[in-house]
Amino acid sequence: MKIVKKIAIALLIIFIGMQFYRPEKNQAEGDYVAAFEADTQPSAEVKEILQSACYDCHSANTEYPWYNNIAPVSYWMAGHVNDGKRHLNFSDWENYADKKKDHKLEELVDEVKHGGMPLKEYTWTHGDARLTEAQVSALVSWADATRAKY
């Protein structure tokens, strides 16, 4: 029984220590998607979809829920955001070549059509990110039309 108690105490100390060493937050000042929106001209409906379902993980600014202040959740969320930005970063859109922009929009269409995005883990706590058939259709139509420009 002593070993179990020692392990529990060690885990508690690690958990408490983790609260003091958190990953850096993904928060930008200003209009962090202005270049993307100016270049792609999404409708008001599509902008709203992008805001509610995409920008938190795929831009330079994330709106964090209260529970992000608790480790290990903060580490898990930081990993998701970093991975999302690695695949597509709307805040870095102006630095993408036209061929890459076309490819990123193609991937967006594929992921949204097949239900890969937004992630289920995200929609569990962000109900407004659950896309309806009409929202999927609007997003896909916009992305396909925008791809023609590249």
# chains A, B, ... in the order shown; residues from 1 in each chain; ligands from 1

$ closest_atom_pairs --of "region 38-106 of chain A" --to "region 134-150 of chain A" --cutoff "12 Å" --atoms "only C-alpha atoms" --output "tab-separated table"
residue	atom	partner	partner_atom	distance
A:Ala38	CA	A:Thr146	CA	11.8
A:Asp39	CA	A:Thr146	CA	9.2
A:Thr40	CA	A:Thr146	CA	6.2
A:Gln41	CA	A:Thr146	CA	8.2
A:Pro42	CA	A:Trp142	CA	6.9
A:Ser43	CA	A:Trp142	CA	8.1
A:Ala44	CA	A:Ala138	CA	10.8
A:Glu45	CA	A:Ala138	CA	7.9
A:Val46	CA	A:Leu139	CA	6.0
A:Lys47	CA	A:Leu139	CA	9.2
A:Glu48	CA	A:Gln135	CA	9.8
A:Ile49	CA	A:Gln135	CA	7.2
A:Leu50	CA	A:Leu139	CA	8.4
A:Gln51	CA	A:Leu139	CA	12.0
A:Ser52	CA	A:Gln135	CA	11.3
A:Ala53	CA	A:Gln135	CA	10.5
A:Cys54	CA	A:Leu139	CA	11.2
A:Tyr96	CA	A:Tyr150	CA	11.2
A:Ala97	CA	A:Tyr150	CA	9.2
A:Asp98	CA	A:Tyr150	CA	5.4
A:Lys99	CA	A:Tyr150	CA	6.6
A:Lys100	CA	A:Tyr150	CA	9.0
A:Lys101	CA	A:Tyr150	CA	7.1
A:Asp102	CA	A:Arg147	CA	5.2
A:His103	CA	A:Arg147	CA	8.4
A:Lys104	CA	A:Arg147	CA	9.2
A:Leu105	CA	A:Ala143	CA	5.9
A:Glu106	CA	A:Arg147	CA	7.5

$ write_last_selection --atoms "C-alpha atoms" --output "CSV table (one decimal), in the first residue's frame"
chain,number,residue,atom,x,y,z
A,38,ALA,CA,-10.0,40.3,-48.6
A,39,ASP,CA,-8.4,37.7,-51.0
A,40,THR,CA,-11.2,35.1,-50.9
A,41,GLN,CA,-14.3,37.4,-50.5
A,42,PRO,CA,-16.5,35.0,-48.4
A,43,SER,CA,-20.1,35.9,-48.0
A,44,ALA,CA,-21.5,37.0,-44.6
A,45,GLU,CA,-22.8,33.4,-44.2
A,46,VAL,CA,-19.5,31.8,-45.0
A,47,LYS,CA,-17.6,34.3,-42.8
A,48,GLU,CA,-19.8,33.2,-39.9
A,49,ILE,CA,-19.2,29.6,-40.6
A,50,LEU,CA,-15.4,30.2,-40.7
A,51,GLN,CA,-15.6,32.1,-37.5
A,52,SER,CA,-17.5,29.5,-35.6
A,53,ALA,CA,-16.0,26.4,-37.0
A,54,CYS,CA,-12.5,27.1,-38.3
A,96,TYR,CA,0.9,31.1,-49.6
A,97,ALA,CA,1.6,30.8,-53.4
A,98,ASP,CA,-1.5,30.6,-55.6
A,99,LYS,CA,-1.0,26.8,-56.1
A,100,LYS,CA,-0.8,26.3,-52.4
A,101,LYS,CA,-4.0,28.4,-51.9
A,102,ASP,CA,-5.8,26.2,-54.4
A,103,HIS,CA,-4.6,23.1,-52.7
A,104,LYS,CA,-5.6,24.3,-49.2
A,105,LEU,CA,-9.1,25.1,-50.5
A,106,GLU,CA,-9.3,21.7,-52.1

$ atom_distance --atom1 "CA of His126 (chain A)" --atom2 "CA of Pro72 (chain A)"
19.5 Å

$ closest_residue --among "A:Ala71, A:Glu94, A:Thr132, A:Val112" --to "Ile16 (chain A)" --atoms "only C-alpha atoms"
A:Ala71

$ closest_atom_pairs --of "region 50-108 of chain A" --to "region 29-35 of chain A" --cutoff "12 Å" --atoms "only C-alpha atoms" --output "tab-separated table"
residue	atom	partner	partner_atom	distance
A:Leu50	CA	A:Val33	CA	10.3
A:Gln51	CA	A:Val33	CA	9.9
A:Cys54	CA	A:Val33	CA	11.3
A:Tyr55	CA	A:Val33	CA	8.4
A:Asp56	CA	A:Tyr32	CA	11.2
A:His58	CA	A:Val33	CA	10.0
A:Ser59	CA	A:Tyr32	CA	7.2
A:Ala60	CA	A:Tyr32	CA	6.2
A:Asn61	CA	A:Tyr32	CA	7.0
A:Thr62	CA	A:Tyr32	CA	10.5
A:Asn89	CA	A:Val33	CA	9.3
A:Phe90	CA	A:Val33	CA	6.1
A:Ser91	CA	A:Val33	CA	5.0
A:Asp92	CA	A:Val33	CA	8.3
A:Trp93	CA	A:Ala35	CA	6.8
A:Glu94	CA	A:Ala35	CA	6.2
A:Asn95	CA	A:Ala35	CA	9.8
A:Tyr96	CA	A:Ala35	CA	11.2

$ write_last_selection --atoms "N, CA and C atoms" --output "mmCIF file, in the first residue's frame"
data_model
loop_
_atom_site.group_PDB
_atom_site.id
_atom_site.type_symbol
_atom_site.label_atom_id
_atom_site.label_comp_id
_atom_site.auth_asym_id
_atom_site.auth_seq_id
_atom_site.Cartn_x
_atom_site.Cartn_y
_atom_site.Cartn_z
ATOM 1 N N LEU A 50 -16.878 30.184 -40.973
ATOM 2 C CA LEU A 50 -15.434 30.153 -40.731
ATOM 3 C C LEU A 50 -15.111 30.596 -39.308
ATOM 4 N N GLN A 51 -15.794 31.632 -38.843
ATOM 5 C CA GLN A 51 -15.566 32.143 -37.483
ATOM 6 C C GLN A 51 -15.940 31.101 -36.430
ATOM 7 N N CYS A 54 -13.838 27.289 -37.780
ATOM 8 C CA CYS A 54 -12.493 27.110 -38.344
ATOM 9 C C CYS A 54 -11.396 27.952 -37.693
ATOM 10 N N TYR A 55 -11.675 29.219 -37.458
ATOM 11 C CA TYR A 55 -10.613 30.150 -37.081
ATOM 12 C C TYR A 55 -9.931 29.828 -35.757
ATOM 13 N N ASP A 56 -10.623 29.217 -34.803
ATOM 14 C CA ASP A 56 -9.974 28.930 -33.516
ATOM 15 C C ASP A 56 -8.720 28.070 -33.675
ATOM 16 N N HIS A 58 -7.315 27.311 -36.884
ATOM 17 C CA HIS A 58 -6.629 27.534 -38.158
ATOM 18 C C HIS A 58 -6.313 29.006 -38.395
ATOM 19 N N SER A 59 -5.999 29.742 -37.340
ATOM 20 C CA SER A 59 -5.599 31.146 -37.486
ATOM 21 C C SER A 59 -4.673 31.508 -36.324
ATOM 22 N N ALA A 60 -4.268 32.770 -36.291
ATOM 23 C CA ALA A 60 -3.345 33.240 -35.260
ATOM 24 C C ALA A 60 -4.048 33.634 -33.975
ATOM 25 N N ASN A 61 -5.344 33.347 -33.866
ATOM 26 C CA ASN A 61 -6.069 33.736 -32.661
ATOM 27 C C ASN A 61 -7.080 32.666 -32.276
ATOM 28 N N THR A 62 -6.980 32.218 -31.049
ATOM 29 C CA THR A 62 -7.900 31.219 -30.522
ATOM 30 C C THR A 62 -8.638 31.811 -29.330
ATOM 31 N N ASN A 89 -3.346 27.685 -42.157
ATOM 32 C CA ASN A 89 -3.330 28.858 -41.294
ATOM 33 C C ASN A 89 -3.883 30.048 -42.085
ATOM 34 N N PHE A 90 -5.126 30.395 -41.815
ATOM 35 C CA PHE A 90 -5.758 31.503 -42.524
ATOM 36 C C PHE A 90 -5.014 32.817 -42.297
ATOM 37 N N SER A 91 -4.350 32.959 -41.178
ATOM 38 C CA SER A 91 -3.604 34.184 -40.876
ATOM 39 C C SER A 91 -2.324 34.305 -41.708
ATOM 40 N N ASP A 92 -1.894 33.219 -42.288
ATOM 41 C CA ASP A 92 -0.678 33.204 -43.097
ATOM 42 C C ASP A 92 -1.014 33.140 -44.598
ATOM 43 N N TRP A 93 -2.276 33.328 -44.938
ATOM 44 C CA TRP A 93 -2.774 33.161 -46.302
ATOM 45 C C TRP A 93 -1.984 33.970 -47.328
ATOM 46 N N GLU A 94 -1.652 35.203 -46.996
ATOM 47 C CA GLU A 94 -0.963 36.070 -47.961
ATOM 48 C C GLU A 94 0.430 35.556 -48.321
ATOM 49 N N ASN A 95 0.986 34.679 -47.501
ATOM 50 C CA ASN A 95 2.315 34.121 -47.780
ATOM 51 C C ASN A 95 2.262 32.832 -48.589
ATOM 52 N N TYR A 96 1.052 32.312 -48.837
ATOM 53 C CA TYR A 96 0.898 31.106 -49.639
ATOM 54 C C TYR A 96 0.972 31.467 -51.127
#

$ select_by_dssp --residues "chain A" --states "helix (DSSP H, G or I)" --output "ChimeraX atom specification"
/A:2-18,34-40,44-53,66-69,73-87,90-95,98-113,120-125,127-129,133-147

$ write_last_selection --atoms "C-alpha atoms" --output "mmCIF file, in the first residue's frame"
data_model
loop_
_atom_site.group_PDB
_atom_site.id
_atom_site.type_symbol
_atom_site.label_atom_id
_atom_site.label_comp_id
_atom_site.auth_asym_id
_atom_site.auth_seq_id
_atom_site.Cartn_x
_atom_site.Cartn_y
_atom_site.Cartn_z
ATOM 1 C CA LYS A 2 2.919 2.342 0.649
ATOM 2 C CA ILE A 3 4.011 2.226 -3.003
ATOM 3 C CA VAL A 4 0.533 3.201 -4.236
ATOM 4 C CA LYS A 5 0.484 6.133 -1.826
ATOM 5 C CA LYS A 6 3.922 7.280 -2.998
ATOM 6 C CA ILE A 7 2.884 7.051 -6.644
ATOM 7 C CA ALA A 8 -0.304 9.021 -5.929
ATOM 8 C CA ILE A 9 1.661 11.743 -4.138
ATOM 9 C CA ALA A 10 4.201 11.913 -6.985
ATOM 10 C CA LEU A 11 1.392 12.223 -9.553
ATOM 11 C CA LEU A 12 -0.274 14.946 -7.492
ATOM 12 C CA ILE A 13 2.999 16.902 -7.317
ATOM 13 C CA ILE A 14 3.450 16.546 -11.096
ATOM 14 C CA PHE A 15 -0.144 17.690 -11.692
ATOM 15 C CA ILE A 16 0.320 20.734 -9.459
ATOM 16 C CA GLY A 17 3.658 21.538 -11.108
ATOM 17 C CA MET A 18 2.063 21.396 -14.561
ATOM 18 C CA ALA A 34 -8.094 40.291 -42.979
ATOM 19 C CA ALA A 35 -5.790 39.263 -45.839
ATOM 20 C CA PHE A 36 -7.541 35.919 -46.214
ATOM 21 C CA GLU A 37 -11.018 37.460 -46.268
ATOM 22 C CA ALA A 38 -9.951 40.252 -48.642
ATOM 23 C CA ASP A 39 -8.446 37.723 -51.045
ATOM 24 C CA THR A 40 -11.232 35.122 -50.948
ATOM 25 C CA ALA A 44 -21.463 36.953 -44.618
ATOM 26 C CA GLU A 45 -22.834 33.424 -44.164
ATOM 27 C CA VAL A 46 -19.492 31.806 -44.992
ATOM 28 C CA LYS A 47 -17.608 34.280 -42.758
ATOM 29 C CA GLU A 48 -19.850 33.249 -39.878
ATOM 30 C CA ILE A 49 -19.180 29.557 -40.567
ATOM 31 C CA LEU A 50 -15.434 30.153 -40.731
ATOM 32 C CA GLN A 51 -15.566 32.143 -37.483
ATOM 33 C CA SER A 52 -17.534 29.523 -35.568
ATOM 34 C CA ALA A 53 -15.975 26.353 -36.971
ATOM 35 C CA TRP A 66 -12.189 28.507 -19.145
ATOM 36 C CA TYR A 67 -11.021 24.901 -18.834
ATOM 37 C CA ASN A 68 -7.968 25.656 -20.969
ATOM 38 C CA ASN A 69 -6.454 27.079 -17.784
ATOM 39 C CA VAL A 73 -6.104 20.248 -21.044
ATOM 40 C CA SER A 74 -4.020 23.308 -21.970
ATOM 41 C CA TYR A 75 -1.326 21.053 -23.466
ATOM 42 C CA TRP A 76 -3.890 18.995 -25.376
ATOM 43 C CA MET A 77 -5.526 22.114 -26.834
ATOM 44 C CA ALA A 78 -2.179 23.680 -27.742
ATOM 45 C CA GLY A 79 -1.302 20.508 -29.627
ATOM 46 C CA HIS A 80 -4.578 20.627 -31.570
ATOM 47 C CA VAL A 81 -4.178 24.312 -32.450
ATOM 48 C CA ASN A 82 -0.545 23.886 -33.533
ATOM 49 C CA ASP A 83 -1.472 20.888 -35.662
ATOM 50 C CA GLY A 84 -4.407 22.764 -37.199
ATOM 51 C CA LYS A 85 -2.233 25.752 -38.068
ATOM 52 C CA ARG A 86 0.395 23.431 -39.546
ATOM 53 C CA HIS A 87 -2.217 22.097 -41.996
ATOM 54 C CA PHE A 90 -5.758 31.503 -42.524
ATOM 55 C CA SER A 91 -3.604 34.184 -40.876
ATOM 56 C CA ASP A 92 -0.678 33.204 -43.097
ATOM 57 C CA TRP A 93 -2.774 33.161 -46.302
ATOM 58 C CA GLU A 94 -0.963 36.070 -47.961
ATOM 59 C CA ASN A 95 2.315 34.121 -47.780
ATOM 60 C CA ASP A 98 -1.513 30.560 -55.589
ATOM 61 C CA LYS A 99 -0.959 26.826 -56.140
ATOM 62 C CA LYS A 100 -0.837 26.259 -52.382
ATOM 63 C CA LYS A 101 -3.987 28.375 -51.862
ATOM 64 C CA ASP A 102 -5.805 26.228 -54.408
ATOM 65 C CA HIS A 103 -4.583 23.061 -52.710
ATOM 66 C CA LYS A 104 -5.585 24.287 -49.237
ATOM 67 C CA LEU A 105 -9.097 25.104 -50.451
ATOM 68 C CA GLU A 106 -9.265 21.686 -52.122
ATOM 69 C CA GLU A 107 -8.338 20.065 -48.792
ATOM 70 C CA LEU A 108 -10.914 22.228 -47.001
ATOM 71 C CA VAL A 109 -13.630 21.004 -49.381
ATOM 72 C CA ASP A 110 -12.582 17.377 -48.934
ATOM 73 C CA GLU A 111 -12.411 17.568 -45.133
ATOM 74 C CA VAL A 112 -15.738 19.388 -44.749
ATOM 75 C CA LYS A 113 -17.591 17.171 -47.245
ATOM 76 C CA LYS A 120 -15.617 16.015 -33.266
ATOM 77 C CA GLU A 121 -13.619 16.959 -30.152
ATOM 78 C CA TYR A 122 -14.152 20.613 -31.020
ATOM 79 C CA THR A 123 -17.870 20.310 -31.696
ATOM 80 C CA TRP A 124 -18.447 18.605 -28.339
ATOM 81 C CA THR A 125 -17.902 21.916 -26.591
ATOM 82 C CA GLY A 127 -22.190 23.460 -30.553
ATOM 83 C CA ASP A 128 -22.286 26.303 -33.080
ATOM 84 C CA ALA A 129 -19.404 24.617 -34.941
ATOM 85 C CA GLU A 133 -26.031 20.301 -44.566
ATOM 86 C CA ALA A 134 -26.817 23.841 -45.744
ATOM 87 C CA GLN A 135 -23.656 25.215 -44.089
ATOM 88 C CA VAL A 136 -21.513 22.460 -45.592
ATOM 89 C CA SER A 137 -23.024 23.200 -48.990
ATOM 90 C CA ALA A 138 -22.419 26.957 -48.642
ATOM 91 C CA LEU A 139 -18.813 26.460 -47.516
ATOM 92 C CA VAL A 140 -18.061 23.948 -50.275
ATOM 93 C CA SER A 141 -19.675 26.121 -52.966
ATOM 94 C CA TRP A 142 -17.702 29.165 -51.836
ATOM 95 C CA ALA A 143 -14.407 27.240 -51.682
ATOM 96 C CA ASP A 144 -14.950 25.648 -55.114
ATOM 97 C CA ALA A 145 -15.778 29.037 -56.660
ATOM 98 C CA THR A 146 -12.764 30.648 -54.967
ATOM 99 C CA ARG A 147 -10.438 27.902 -56.216
#

$ atom_distance --atom1 "CA of Glu24 (chain A)" --atom2 "CA of Pro65 (chain A)"
14.8 Å
